[in-house]
Each structure stands twice: as structure tokens, then as C-alpha cells.
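Dumped model.txt below, it's compact mmCIF, C-alpha atoms:
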# COMPACT_ATOMS: atom_id res chain seq x y z
CA MET A 1280 14.72 -31.11 -9.20
CA THR A 1281 13.97 -34.53 -7.70
CA ALA A 1282 10.81 -36.56 -8.22
CA ALA A 1283 9.71 -35.65 -4.69
CA HIS A 1284 10.01 -31.96 -5.49
CA LEU A 1285 7.86 -32.40 -8.61
CA THR A 1286 4.92 -33.50 -6.46
CA VAL A 1287 4.79 -30.13 -4.69
CA ALA A 1288 4.27 -26.64 -6.09
CA HIS A 1289 7.40 -24.96 -7.36
CA CYS A 1290 8.48 -21.64 -8.84
CA GLY A 1291 11.35 -22.39 -11.14
CA GLU A 1292 13.68 -24.59 -9.09
CA VAL A 1293 12.29 -23.32 -5.79
CA SER A 1294 9.74 -25.26 -3.71
CA ALA A 1295 8.86 -25.56 -0.03
CA LEU A 1296 11.21 -28.55 0.12
CA THR A 1297 14.21 -26.80 -1.46
CA LEU A 1298 13.63 -23.91 0.96
CA GLY A 1299 13.97 -26.34 3.87
CA LEU A 1300 10.36 -25.98 5.04
CA PRO A 1301 8.37 -28.91 6.46
CA ALA A 1302 6.82 -31.22 3.87
CA SER A 1303 3.57 -30.90 5.84
CA ALA A 1304 3.43 -27.22 4.87
CA ALA A 1305 4.13 -27.74 1.17
CA ILE A 1306 1.35 -27.03 -1.33
CA PRO A 1307 0.61 -29.84 -3.83
CA GLU A 1308 1.64 -29.14 -7.40
CA GLN A 1309 -1.94 -29.14 -8.72
CA LYS A 1310 -3.06 -26.53 -6.18
CA GLY A 1311 -0.13 -24.14 -6.36
CA THR A 1312 -0.91 -21.90 -9.33
CA LEU A 1313 -2.62 -18.61 -8.42
CA PRO A 1314 -4.33 -16.80 -11.35
CA LYS A 1315 -3.27 -13.18 -11.70
CA GLY A 1316 -6.90 -12.15 -12.01
CA LEU A 1317 -7.47 -13.29 -8.44
CA PHE A 1318 -5.69 -10.17 -7.18
CA VAL A 1319 -7.50 -7.59 -9.29
CA ALA A 1320 -11.05 -8.92 -8.91
CA LYS A 1321 -11.79 -7.46 -5.46
CA ALA A 1322 -9.61 -4.36 -5.30
CA PRO A 1323 -9.46 -1.16 -7.37
CA VAL A 1324 -6.31 -1.46 -9.44
CA SER A 1325 -4.85 1.14 -11.79
CA SER A 1326 -4.30 0.28 -15.44
CA LYS A 1327 -0.57 0.80 -14.90
CA LEU A 1328 -0.48 -1.77 -12.10
CA LYS A 1329 -2.54 -4.22 -14.16
CA GLN A 1330 0.02 -3.82 -16.93
CA ARG A 1331 2.85 -4.53 -14.49
CA LEU A 1332 1.06 -7.64 -13.30
CA VAL A 1333 0.70 -8.86 -16.87
CA ASN A 1334 4.16 -7.93 -18.16
CA ASP A 1335 6.47 -8.17 -15.14
CA ILE A 1336 5.12 -11.38 -13.58
CA ALA A 1337 5.34 -14.68 -15.46
CA SER A 1338 3.54 -16.70 -12.77
CA ILE A 1339 2.36 -16.64 -9.15
CA THR A 1340 2.62 -19.85 -7.13
CA MET A 1341 1.63 -20.73 -3.59
CA LEU A 1342 4.59 -22.75 -2.30
CA ALA A 1343 3.79 -23.28 1.38
CA LEU A 1344 1.26 -22.53 4.09
CA LEU A 1345 2.64 -22.45 7.64
CA ARG A 1346 0.01 -22.58 10.39
CA PRO A 1347 -0.38 -24.13 13.86
CA ALA A 1348 -1.81 -27.35 12.41
CA ASN A 1349 1.33 -28.18 10.42
CA THR A 1350 4.07 -26.52 12.46
CA ALA A 1351 3.12 -27.57 16.02
CA MET A 1352 3.12 -23.88 16.98
CA GLY A 1353 0.60 -21.92 18.99
CA ALA A 1354 -1.66 -19.30 17.46
CA GLY A 1355 -0.05 -16.43 19.37
CA SER A 1356 -1.95 -13.17 19.60
CA GLY A 1357 -4.03 -13.93 16.53
CA LYS A 1358 -2.53 -11.01 14.61
CA MET A 1359 -0.66 -13.44 12.38
CA PRO A 1360 -2.79 -16.59 12.03
CA GLU A 1361 -0.60 -18.11 9.32
CA VAL A 1362 2.37 -17.43 7.07
CA LEU A 1363 2.21 -17.97 3.32
CA VAL A 1364 5.20 -18.50 1.05
CA ILE A 1365 4.45 -17.29 -2.47
CA GLY A 1366 6.73 -17.63 -5.48
CA LEU A 1367 6.81 -14.87 -8.09
CA ARG A 1368 8.45 -15.76 -11.38
CA VAL A 1369 9.55 -12.34 -12.66
CA ASN A 1370 10.35 -11.20 -16.19
CA THR A 1371 12.31 -8.14 -15.07
CA PRO A 1372 15.63 -7.88 -13.19
CA GLY A 1373 14.19 -5.86 -10.31
CA ILE A 1374 11.76 -6.58 -7.49
CA PRO A 1375 8.06 -6.03 -8.38
CA VAL A 1376 7.28 -3.88 -5.34
CA GLU A 1377 3.90 -2.64 -6.57
CA VAL A 1378 2.67 -6.17 -7.29
CA ILE A 1379 3.90 -7.41 -3.90
CA ASP A 1380 2.12 -4.53 -2.20
CA LEU A 1381 -1.10 -5.41 -4.07
CA ILE A 1382 -1.01 -9.09 -3.11
CA ALA A 1383 0.12 -8.62 0.51
CA GLY A 1384 -2.42 -5.89 1.13
CA GLN A 1385 -5.28 -8.31 0.44
CA ARG A 1386 -4.35 -10.88 3.08
CA LYS A 1387 -4.20 -10.74 6.87
CA SER A 1388 -1.60 -13.49 6.75
CA GLY A 1389 2.09 -12.83 6.72
CA ILE A 1390 3.57 -13.51 3.29
CA VAL A 1391 7.16 -14.30 2.40
CA PHE A 1392 7.58 -13.69 -1.32
CA VAL A 1393 10.23 -15.63 -3.21
CA CYS A 1394 11.08 -13.75 -6.40
CA VAL A 1395 12.75 -15.94 -9.02
CA ARG A 1396 14.52 -14.68 -12.14
CA ASN A 1397 16.93 -15.89 -14.83
CA VAL A 1398 20.04 -13.76 -15.33
CA GLU A 1399 23.31 -14.01 -17.20
CA PHE A 1400 26.24 -14.94 -14.98
CA GLU A 1401 29.80 -15.57 -16.16
CA GLY A 1402 28.69 -16.18 -19.73
CA ALA A 1403 25.78 -18.49 -18.92
CA MET A 1404 22.24 -18.20 -17.60
CA ARG A 1405 21.44 -19.04 -13.99
CA GLU A 1406 18.36 -18.88 -11.81
CA GLU A 1407 18.42 -16.55 -8.83
CA ALA A 1408 16.02 -15.92 -5.97
CA CYS A 1409 15.46 -13.28 -3.33
CA PHE A 1410 13.02 -12.98 -0.43
CA VAL A 1411 10.69 -10.03 0.13
CA VAL A 1412 8.42 -9.26 3.11
CA ARG A 1413 6.03 -6.38 3.73
CA ARG A 1414 5.77 -4.96 7.25
CA PRO A 1415 4.65 -1.71 8.87
CA LEU A 1416 7.60 0.54 9.70
CA SER A 1417 5.75 1.93 12.70
CA GLU A 1418 2.24 1.95 14.06
CA ARG A 1419 1.09 4.77 16.32
CA SER A 1420 -2.25 4.92 18.05
CA GLY A 1421 -4.80 6.63 15.85
CA HIS A 1422 -2.61 6.40 12.75
CA ALA A 1423 -2.79 3.91 9.91
CA PRO A 1424 0.36 1.79 9.66
CA THR A 1425 2.90 2.70 6.98
CA PHE A 1426 4.03 -0.42 5.14
CA HIS A 1427 7.41 -1.04 3.60
CA GLU A 1428 8.87 -3.86 1.51
CA PHE A 1429 12.14 -5.37 2.71
CA ALA A 1430 14.20 -7.54 0.36
CA SER A 1431 17.19 -9.84 0.75
CA ALA A 1432 20.03 -10.03 -1.76
CA TRP A 1433 19.69 -12.09 -4.93
CA ILE A 1434 21.41 -15.49 -4.62
CA PRO A 1435 21.43 -18.70 -6.68
CA SER A 1436 17.98 -20.24 -6.20
CA GLY A 1437 19.50 -23.51 -5.01
CA GLU A 1438 20.99 -21.66 -2.03
CA ALA A 1439 17.73 -19.99 -0.95
CA LEU A 1440 16.63 -21.28 2.46
CA LEU A 1441 14.03 -20.30 5.07
CA GLU A 1442 14.82 -21.45 8.58
CA ILE A 1443 12.22 -21.88 11.31
CA ALA A 1444 13.85 -20.66 14.52
CA ASP A 1445 13.94 -23.19 17.37
CA ALA A 1446 12.73 -20.48 19.76
CA ALA A 1447 9.63 -19.72 17.66
CA ALA A 1448 6.65 -20.91 19.74
CA THR A 1449 3.79 -19.17 17.93
CA THR A 1450 2.92 -18.07 14.41
CA ASP A 1451 3.67 -14.50 15.52
CA ASP A 1452 7.21 -15.62 16.43
CA LEU A 1453 7.50 -17.51 13.15
CA TRP A 1454 6.56 -14.45 11.11
CA ASP A 1455 8.98 -12.20 12.97
CA SER A 1456 11.74 -14.78 12.64
CA LEU A 1457 11.25 -15.12 8.89
CA CYS A 1458 11.15 -11.33 8.52
CA SER A 1459 14.37 -11.06 10.54
CA GLN A 1460 16.04 -13.51 8.18
CA VAL A 1461 15.04 -11.43 5.16
CA ILE A 1462 15.93 -8.06 6.69
CA PHE A 1463 18.93 -8.85 8.90
CA GLY A 1464 20.07 -12.33 7.85
CA SER A 1465 19.33 -13.72 11.33
CA THR A 1466 16.51 -15.83 12.77
CA ASP A 1467 16.60 -13.78 16.00
CA PHE A 1468 13.13 -12.23 16.27
CA ALA A 1469 13.56 -10.41 19.59
CA ASP A 1470 12.57 -6.70 19.48
CA LEU A 1471 12.29 -6.88 15.70
CA ASP A 1472 10.24 -3.70 15.24
CA ALA A 1473 12.70 -1.70 17.35
CA ARG A 1474 15.62 -3.11 15.34
CA ILE A 1475 13.91 -2.15 12.08
CA VAL A 1476 13.33 1.41 13.30
CA ARG A 1477 16.96 1.64 14.47
CA ALA A 1478 18.30 0.32 11.14
CA SER A 1479 16.11 2.78 9.26
CA ARG A 1480 17.36 5.68 11.38
CA ILE A 1481 20.98 4.60 10.89
CA ALA A 1482 20.47 4.57 7.11
CA GLN A 1483 18.89 8.04 7.25
CA LEU A 1484 21.77 9.42 9.32
CA ARG A 1485 24.38 8.00 6.96
CA THR A 1486 22.63 9.67 4.03
CA GLN A 1487 22.36 12.92 6.00
CA ILE A 1488 26.05 12.79 6.96
CA ALA A 1489 27.13 12.30 3.34
CA LYS A 1490 25.09 15.35 2.33
CA LEU A 1491 26.43 17.46 5.19
CA GLU A 1492 30.00 16.49 4.33
CA GLY A 1493 29.33 17.76 0.81
CA ASP A 1494 27.76 20.97 2.15
CA HIS A 1495 30.78 21.55 4.39
CA ALA A 1496 33.23 21.04 1.53
CA ARG A 1497 31.30 23.39 -0.79
CA ALA A 1498 30.68 26.14 1.79
CA LYS A 1499 32.08 29.44 0.59
CA THR A 1500 31.90 31.35 3.88
CA GLN A 1501 33.13 30.54 7.36
CA GLU A 1502 29.60 30.97 8.69
CA ARG A 1503 28.25 28.31 6.32
CA ARG A 1504 31.16 25.98 7.12
CA ASN A 1505 30.56 26.37 10.85
CA GLU A 1506 26.84 25.72 10.42
CA ALA A 1507 27.46 22.57 8.37
CA HIS A 1508 30.13 21.40 10.80
CA ALA A 1509 27.78 21.75 13.78
CA LYS A 1510 25.06 19.75 12.04
CA LEU A 1511 27.62 17.18 10.94
CA ARG A 1512 28.98 16.73 14.46
CA LYS A 1513 25.46 16.26 15.84
CA ALA A 1514 24.53 13.69 13.17
CA ARG A 1515 27.79 11.77 13.70
CA ALA A 1516 27.16 11.65 17.45
CA GLN A 1517 23.65 10.32 16.91
CA LEU A 1518 24.97 7.67 14.49
CA GLU A 1519 27.68 6.57 16.89
CA SER A 1520 25.14 6.26 19.69
CA LEU A 1521 22.81 4.10 17.61
CA GLU A 1522 25.61 1.88 16.29
CA GLN A 1523 26.73 1.12 19.84
CA LEU A 1524 23.31 -0.25 20.88

With the file now loaded, output its structure as C-alpha cells.
Amino acid sequence: MTAAHLTVAHCGEVSALTLGLPASAAIPEQKGTLPKGLFVAKAPVSSKLKQRLVNDIASITMLALLRPANTAMGAGSGKMPEVLVIGLRVNTPGIPVEVIDLIAGQRKSGIVFVCVRNVEFEGAMREEACFVVRRPLSERSGHAPTFHEFASAWIPSGEALLEIADAAATTDDLWDSLCSQVIFGSTDFADLDARIVRASRIAQLRTQIAKLEGDHARAKTQERRNEAHAKLRKARAQLESLEQL
């Protein structure tokens, strides 16, 4: 890590600068640390979740704050006034979904979480990072949104980058673009919610097809085989239609 990087907040080797974000959005080193108690003081939290926060998370660090004042972007609809980038140094190999849900649920801002861990790789230890975002899967009138965490693959922390799309004109666009990077590996933020729903449905159909293929192979009567085959043909047709969009 260079001297310049040491002047800004960092989580392991990761900082706003290593992520490729504007220096104007980077949080100073002395202001980056977020106490764990901050997230349990104002919300009812189970003892199990408190234990996860204590044991699974080594540190929580604010790495960057992206807002109109430091990105030259418009405010958009106001639904997403700013985007935070928060580093989570984790003690476990997995993604701390419950902790992410706790933190994200307390802020109106969009939050890109950067989870950082140390793992053994080819006989040595290396630092890895992955990105996680929390978004509603769907939001119908009169219904509370159902939130879901989406995570990228783990990669060496030195390769972790967040790109601000050239087409992003507002903080709403910025948030959708960053989410698209995490979920789909692309900065294209057009029709993101529809793409998420489609990807979710494709995953469901693939799981359903695998089960129906097993049901068809195990069927002991022609009637059961025909029933499974009909369902299988319908699911395959739906999958093919979605994959062609």
C-alpha cells in the first residue's frame, strides 16, 4: 500500500483509491472506523446476531461516500441520495449476510459492502475481496419490499475495482450501475430490476428442471412419467423463452 493510500481509510489492502473511486469521495483514515456498537444501539438485535457481529466481523470501515457534491452527478429522484462503500474485515470464509442486512437496513443510502478475508491459496496466505449489495427483489403497491443480498465472486483484493459508468448522470444511476457490476459483472444499469427478476426466474427454472428430470427418471408408472415429462417440457420452454430475451 502506498503512502497516499495510508492517508485514506482502508480495510486490509482495500481503500477507495485501490477500488478506482475518486479521491474526493475517499474517507480520511482517522474517520473511517465504525464501532460495531453503532449498529446495535438503535435497533432490536437478537443475541445470536450480536454474537455474529462480535465473532464474525473483525472491523467495519467506511471507505468512501459518493454523493452529488463529489461526483458531479445530479440527485436523481431522491430515492438514493448517496452511495456508501463500507469495508467488512471478516473472520469467517463466508459472507456475513445477517450483519450486512442489519447495517444496510439502518440507512436510506445505497451501500456497497467490500468483504475482505485472508485465505490459504497455493500454500500461502492471500487477501481476497468480494462485493455485496442489498436490493429489493420486487416491490408491489401495498406490499413491503423483499430485500435480497447479491454477492460477486471472491477475487484477490488487489484486483477489486468499482467503476463509475460514464452514462451515470444521477446518484440513482450510480447505485444501479454499481449493483449491476456486483450482480452481472457489467456497468450497464438499464432495466436493472427487470434483469434481476429475469435472472432469478431463470435460476428457479433451472432448479425446477433438474428436479423434474430426476422425477421423470425415477417414475415407476407411465402415468407418472408422462406427467413429469409434460411439466418438464413446459419448464424448458419457459427457460428457453427467457434466455432468448

Give me, as a tab-separated table, the closest atom pair and its distance (Å, one decimal) for every residue of stretch 1398-1482 of chain A within a cut-off of 10 Å of stretch 1325-1345 of chain A, counting all atoms listed in the file, rows sorted by chain and rising number.
residue	atom	partner	partner_atom	distance
A:Thr1450	CA	A:Leu1345	CA	8.1
A:Leu1453	CA	A:Leu1345	CA	8.9
A:Trp1454	CA	A:Leu1345	CA	9.6

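The list of residues within 8 Å of (12.3, 5.9, 12.0), counted using all atoms listed in the file, is Leu1416, Ser1417, Val1476, Arg1477, Ser1479 and Arg1480 of chain A.
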
Got time to write the residues from that selection, C-alpha atoms, as a PDB file, keeping the file's coordinate frame?
ATOM      1  CA  LEU A1416       7.600   0.540   9.700  1.00  0.00           C
ATOM      2  CA  SER A1417       5.750   1.930  12.700  1.00  0.00           C
ATOM      3  CA  VAL A1476      13.330   1.410  13.300  1.00  0.00           C
ATOM      4  CA  ARG A1477      16.960   1.640  14.470  1.00  0.00           C
ATOM      5  CA  SER A1479      16.110   2.780   9.260  1.00  0.00           C
ATOM      6  CA  ARG A1480      17.360   5.680  11.380  1.00  0.00           C
TER       7      ARG A1480
END

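The shortest atom-to-atom distance to A:Ile1306, with only C-alpha atoms taken into account, belongs to A:Val1287 out of A:Val1287, A:Ile1488, A:Val1412, A:Val1319.
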
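Atom CA of A:Ala1516 is found 13.6 Å from atom CA of A:Gln1483.
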
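With all atoms listed in the file as the basis for measurement, A:Pro1301 is the residue among A:Gly1311, A:Pro1301, A:Gly1384, A:Gly1373 that approaches A:Asn1349 most closely.
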
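Residues in contact range of A:Leu1521, defined as at most 8 Å between all atoms listed in the file, with sequence neighbours fewer than 3 positions away removed, read Arg1477, Ile1481, Gln1517, Leu1518 and Leu1524 of chain A.
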
Response to the item:
Among A:Phe1392, A:Pro1435, A:Arg1515, A:Leu1491, A:Leu1457 is approached most closely, using only C-alpha atoms, by A:Phe1392

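Proximity to A:Val1395 at 6 Å, evaluated using all atoms listed in the file and with sequence-adjacent residues fewer than 2 positions away removed, yields Arg1368, Glu1407 and Ala1408 of chain A.
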
Save stretch 1291-1324 of chain A to disk from that block, N, CA, C and O atoms included, as a PDB file, in the first residue's frame.
ATOM      1  N   GLY A1291      -7.981  -3.823   5.237  1.00  0.00           N
ATOM      2  CA  GLY A1291      -6.913  -4.629   4.680  1.00  0.00           C
ATOM      3  C   GLY A1291      -6.170  -3.806   3.651  1.00  0.00           C
ATOM      4  O   GLY A1291      -5.768  -2.676   3.901  1.00  0.00           O
ATOM      5  N   GLU A1292      -6.010  -4.355   2.445  1.00  0.00           N
ATOM      6  CA  GLU A1292      -5.330  -3.649   1.360  1.00  0.00           C
ATOM      7  C   GLU A1292      -6.284  -2.792   0.531  1.00  0.00           C
ATOM      8  O   GLU A1292      -5.854  -2.104  -0.389  1.00  0.00           O
ATOM      9  N   VAL A1293      -7.571  -2.836   0.850  1.00  0.00           N
ATOM     10  CA  VAL A1293      -8.579  -2.174   0.028  1.00  0.00           C
ATOM     11  C   VAL A1293      -8.886  -0.776   0.557  1.00  0.00           C
ATOM     12  O   VAL A1293      -9.122  -0.584   1.756  1.00  0.00           O
ATOM     13  N   SER A1294      -8.903   0.202  -0.332  1.00  0.00           N
ATOM     14  CA  SER A1294      -9.309   1.569   0.004  1.00  0.00           C
ATOM     15  C   SER A1294     -10.108   2.117  -1.170  1.00  0.00           C
ATOM     16  O   SER A1294     -10.204   1.482  -2.237  1.00  0.00           O
ATOM     17  N   ALA A1295     -10.657   3.310  -1.018  1.00  0.00           N
ATOM     18  CA  ALA A1295     -11.363   3.947  -2.131  1.00  0.00           C
ATOM     19  C   ALA A1295     -10.440   4.093  -3.332  1.00  0.00           C
ATOM     20  O   ALA A1295     -10.854   3.932  -4.483  1.00  0.00           O
ATOM     21  N   LEU A1296      -9.163   4.371  -3.074  1.00  0.00           N
ATOM     22  CA  LEU A1296      -8.212   4.585  -4.167  1.00  0.00           C
ATOM     23  C   LEU A1296      -7.883   3.291  -4.889  1.00  0.00           C
ATOM     24  O   LEU A1296      -7.806   3.258  -6.123  1.00  0.00           O
ATOM     25  N   THR A1297      -7.688   2.201  -4.154  1.00  0.00           N
ATOM     26  CA  THR A1297      -7.398   0.921  -4.825  1.00  0.00           C
ATOM     27  C   THR A1297      -8.610   0.430  -5.606  1.00  0.00           C
ATOM     28  O   THR A1297      -8.460  -0.289  -6.593  1.00  0.00           O
ATOM     29  N   LEU A1298      -9.806   0.828  -5.174  1.00  0.00           N
ATOM     30  CA  LEU A1298     -11.033   0.439  -5.877  1.00  0.00           C
ATOM     31  C   LEU A1298     -11.245   1.259  -7.150  1.00  0.00           C
ATOM     32  O   LEU A1298     -12.135   0.946  -7.940  1.00  0.00           O
ATOM     33  N   GLY A1299     -10.443   2.305  -7.324  1.00  0.00           N
ATOM     34  CA  GLY A1299     -10.581   3.152  -8.507  1.00  0.00           C
ATOM     35  C   GLY A1299     -11.594   4.260  -8.362  1.00  0.00           C
ATOM     36  O   GLY A1299     -11.989   4.887  -9.348  1.00  0.00           O
ATOM     37  N   LEU A1300     -12.019   4.543  -7.136  1.00  0.00           N
ATOM     38  CA  LEU A1300     -13.008   5.600  -6.893  1.00  0.00           C
ATOM     39  C   LEU A1300     -12.318   6.957  -6.782  1.00  0.00           C
ATOM     40  O   LEU A1300     -11.119   7.028  -6.490  1.00  0.00           O
ATOM     41  N   PRO A1301     -13.057   8.044  -6.996  1.00  0.00           N
ATOM     42  CA  PRO A1301     -12.439   9.372  -6.928  1.00  0.00           C
ATOM     43  C   PRO A1301     -11.847   9.662  -5.549  1.00  0.00           C
ATOM     44  O   PRO A1301     -12.448   9.316  -4.520  1.00  0.00           O
ATOM     45  N   ALA A1302     -10.685  10.301  -5.531  1.00  0.00           N
ATOM     46  CA  ALA A1302     -10.068  10.671  -4.259  1.00  0.00           C
ATOM     47  C   ALA A1302     -10.974  11.593  -3.457  1.00  0.00           C
ATOM     48  O   ALA A1302     -10.955  11.579  -2.222  1.00  0.00           O
ATOM     49  N   SER A1303     -11.808  12.372  -4.148  1.00  0.00           N
ATOM     50  CA  SER A1303     -12.722  13.294  -3.469  1.00  0.00           C
ATOM     51  C   SER A1303     -13.781  12.558  -2.657  1.00  0.00           C
ATOM     52  O   SER A1303     -14.396  13.138  -1.756  1.00  0.00           O
ATOM     53  N   ALA A1304     -14.000  11.287  -2.966  1.00  0.00           N
ATOM     54  CA  ALA A1304     -15.008  10.505  -2.250  1.00  0.00           C
ATOM     55  C   ALA A1304     -14.410   9.659  -1.131  1.00  0.00           C
ATOM     56  O   ALA A1304     -15.145   9.061  -0.342  1.00  0.00           O
ATOM     57  N   ALA A1305     -13.080   9.604  -1.063  1.00  0.00           N
ATOM     58  CA  ALA A1305     -12.414   8.766  -0.073  1.00  0.00           C
ATOM     59  C   ALA A1305     -12.571   9.334   1.332  1.00  0.00           C
ATOM     60  O   ALA A1305     -12.533  10.545   1.538  1.00  0.00           O
ATOM     61  N   ILE A1306     -12.739   8.447   2.306  1.00  0.00           N
ATOM     62  CA  ILE A1306     -12.857   8.841   3.707  1.00  0.00           C
ATOM     63  C   ILE A1306     -11.459   8.892   4.321  1.00  0.00           C
ATOM     64  O   ILE A1306     -10.665   7.968   4.136  1.00  0.00           O
ATOM     65  N   PRO A1307     -11.131   9.956   5.047  1.00  0.00           N
ATOM     66  CA  PRO A1307      -9.817  10.033   5.705  1.00  0.00           C
ATOM     67  C   PRO A1307      -9.616   8.877   6.689  1.00  0.00           C
ATOM     68  O   PRO A1307     -10.581   8.392   7.298  1.00  0.00           O
ATOM     69  N   GLU A1308      -8.381   8.472   6.843  1.00  0.00           N
ATOM     70  CA  GLU A1308      -8.052   7.342   7.708  1.00  0.00           C
ATOM     71  C   GLU A1308      -8.621   7.509   9.122  1.00  0.00           C
ATOM     72  O   GLU A1308      -9.198   6.578   9.682  1.00  0.00           O
ATOM     73  N   GLN A1309      -8.506   8.696   9.691  1.00  0.00           N
ATOM     74  CA  GLN A1309      -8.921   8.903  11.072  1.00  0.00           C
ATOM     75  C   GLN A1309     -10.435   8.897  11.263  1.00  0.00           C
ATOM     76  O   GLN A1309     -10.916   8.834  12.392  1.00  0.00           O
ATOM     77  N   LYS A1310     -11.186   8.958  10.170  1.00  0.00           N
ATOM     78  CA  LYS A1310     -12.644   8.978  10.271  1.00  0.00           C
ATOM     79  C   LYS A1310     -13.302   7.694   9.761  1.00  0.00           C
ATOM     80  O   LYS A1310     -14.530   7.597   9.736  1.00  0.00           O
ATOM     81  N   GLY A1311     -12.495   6.726   9.376  1.00  0.00           N
ATOM     82  CA  GLY A1311     -13.051   5.559   8.710  1.00  0.00           C
ATOM     83  C   GLY A1311     -13.641   4.493   9.617  1.00  0.00           C
ATOM     84  O   GLY A1311     -14.605   3.825   9.253  1.00  0.00           O
ATOM     85  N   THR A1312     -13.091   4.314  10.804  1.00  0.00           N
ATOM     86  CA  THR A1312     -13.518   3.211  11.662  1.00  0.00           C
ATOM     87  C   THR A1312     -14.933   3.431  12.185  1.00  0.00           C
ATOM     88  O   THR A1312     -15.248   4.485  12.740  1.00  0.00           O
ATOM     89  N   LEU A1313     -15.784   2.425  12.025  1.00  0.00           N
ATOM     90  CA  LEU A1313     -17.164   2.469  12.518  1.00  0.00           C
ATOM     91  C   LEU A1313     -17.292   1.457  13.663  1.00  0.00           C
ATOM     92  O   LEU A1313     -17.125   0.261  13.445  1.00  0.00           O
ATOM     93  N   PRO A1314     -17.591   1.904  14.888  1.00  0.00           N
ATOM     94  CA  PRO A1314     -17.740   0.977  16.014  1.00  0.00           C
ATOM     95  C   PRO A1314     -18.902   0.012  15.771  1.00  0.00           C
ATOM     96  O   PRO A1314     -19.959   0.408  15.276  1.00  0.00           O
ATOM     97  N   LYS A1315     -18.713  -1.230  16.148  1.00  0.00           N
ATOM     98  CA  LYS A1315     -19.775  -2.217  15.975  1.00  0.00           C
ATOM     99  C   LYS A1315     -21.026  -1.836  16.764  1.00  0.00           C
ATOM    100  O   LYS A1315     -22.158  -2.081  16.328  1.00  0.00           O
ATOM    101  N   GLY A1316     -20.821  -1.230  17.924  1.00  0.00           N
ATOM    102  CA  GLY A1316     -21.950  -0.858  18.767  1.00  0.00           C
ATOM    103  C   GLY A1316     -22.884   0.147  18.117  1.00  0.00           C
ATOM    104  O   GLY A1316     -24.047   0.271  18.506  1.00  0.00           O
ATOM    105  N   LEU A1317     -22.372   0.859  17.114  1.00  0.00           N
ATOM    106  CA  LEU A1317     -23.191   1.842  16.408  1.00  0.00           C
ATOM    107  C   LEU A1317     -24.421   1.205  15.781  1.00  0.00           C
ATOM    108  O   LEU A1317     -25.472   1.829  15.656  1.00  0.00           O
ATOM    109  N   PHE A1318     -24.308  -0.070  15.395  1.00  0.00           N
ATOM    110  CA  PHE A1318     -25.379  -0.724  14.643  1.00  0.00           C
ATOM    111  C   PHE A1318     -26.329  -1.542  15.512  1.00  0.00           C
ATOM    112  O   PHE A1318     -27.287  -2.117  15.008  1.00  0.00           O
ATOM    113  N   VAL A1319     -26.065  -1.581  16.799  1.00  0.00           N
ATOM    114  CA  VAL A1319     -26.983  -2.300  17.696  1.00  0.00           C
ATOM    115  C   VAL A1319     -27.620  -1.352  18.708  1.00  0.00           C
ATOM    116  O   VAL A1319     -28.450  -1.775  19.520  1.00  0.00           O
ATOM    117  N   ALA A1320     -27.245  -0.075  18.668  1.00  0.00           N
ATOM    118  CA  ALA A1320     -27.737   0.879  19.661  1.00  0.00           C
ATOM    119  C   ALA A1320     -29.176   1.306  19.405  1.00  0.00           C
ATOM    120  O   ALA A1320     -29.917   1.586  20.350  1.00  0.00           O
ATOM    121  N   LYS A1321     -29.588   1.351  18.127  1.00  0.00           N
ATOM    122  CA  LYS A1321     -30.907   1.902  17.802  1.00  0.00           C
ATOM    123  C   LYS A1321     -31.877   0.875  17.226  1.00  0.00           C
ATOM    124  O   LYS A1321     -32.972   1.226  16.814  1.00  0.00           O
ATOM    125  N   ALA A1322     -31.476  -0.367  17.160  1.00  0.00           N
ATOM    126  CA  ALA A1322     -32.349  -1.386  16.570  1.00  0.00           C
ATOM    127  C   ALA A1322     -32.371  -2.628  17.462  1.00  0.00           C
ATOM    128  O   ALA A1322     -31.350  -2.982  18.058  1.00  0.00           O
ATOM    129  N   PRO A1323     -33.532  -3.280  17.576  1.00  0.00           N
ATOM    130  CA  PRO A1323     -33.581  -4.529  18.347  1.00  0.00           C
ATOM    131  C   PRO A1323     -32.789  -5.617  17.626  1.00  0.00           C
ATOM    132  O   PRO A1323     -33.045  -5.913  16.463  1.00  0.00           O
ATOM    133  N   VAL A1324     -31.822  -6.164  18.314  1.00  0.00           N
ATOM    134  CA  VAL A1324     -30.931  -7.151  17.710  1.00  0.00           C
ATOM    135  C   VAL A1324     -30.888  -8.390  18.596  1.00  0.00           C
ATOM    136  O   VAL A1324     -30.736  -8.290  19.814  1.00  0.00           O
TER     137      VAL A1324
END
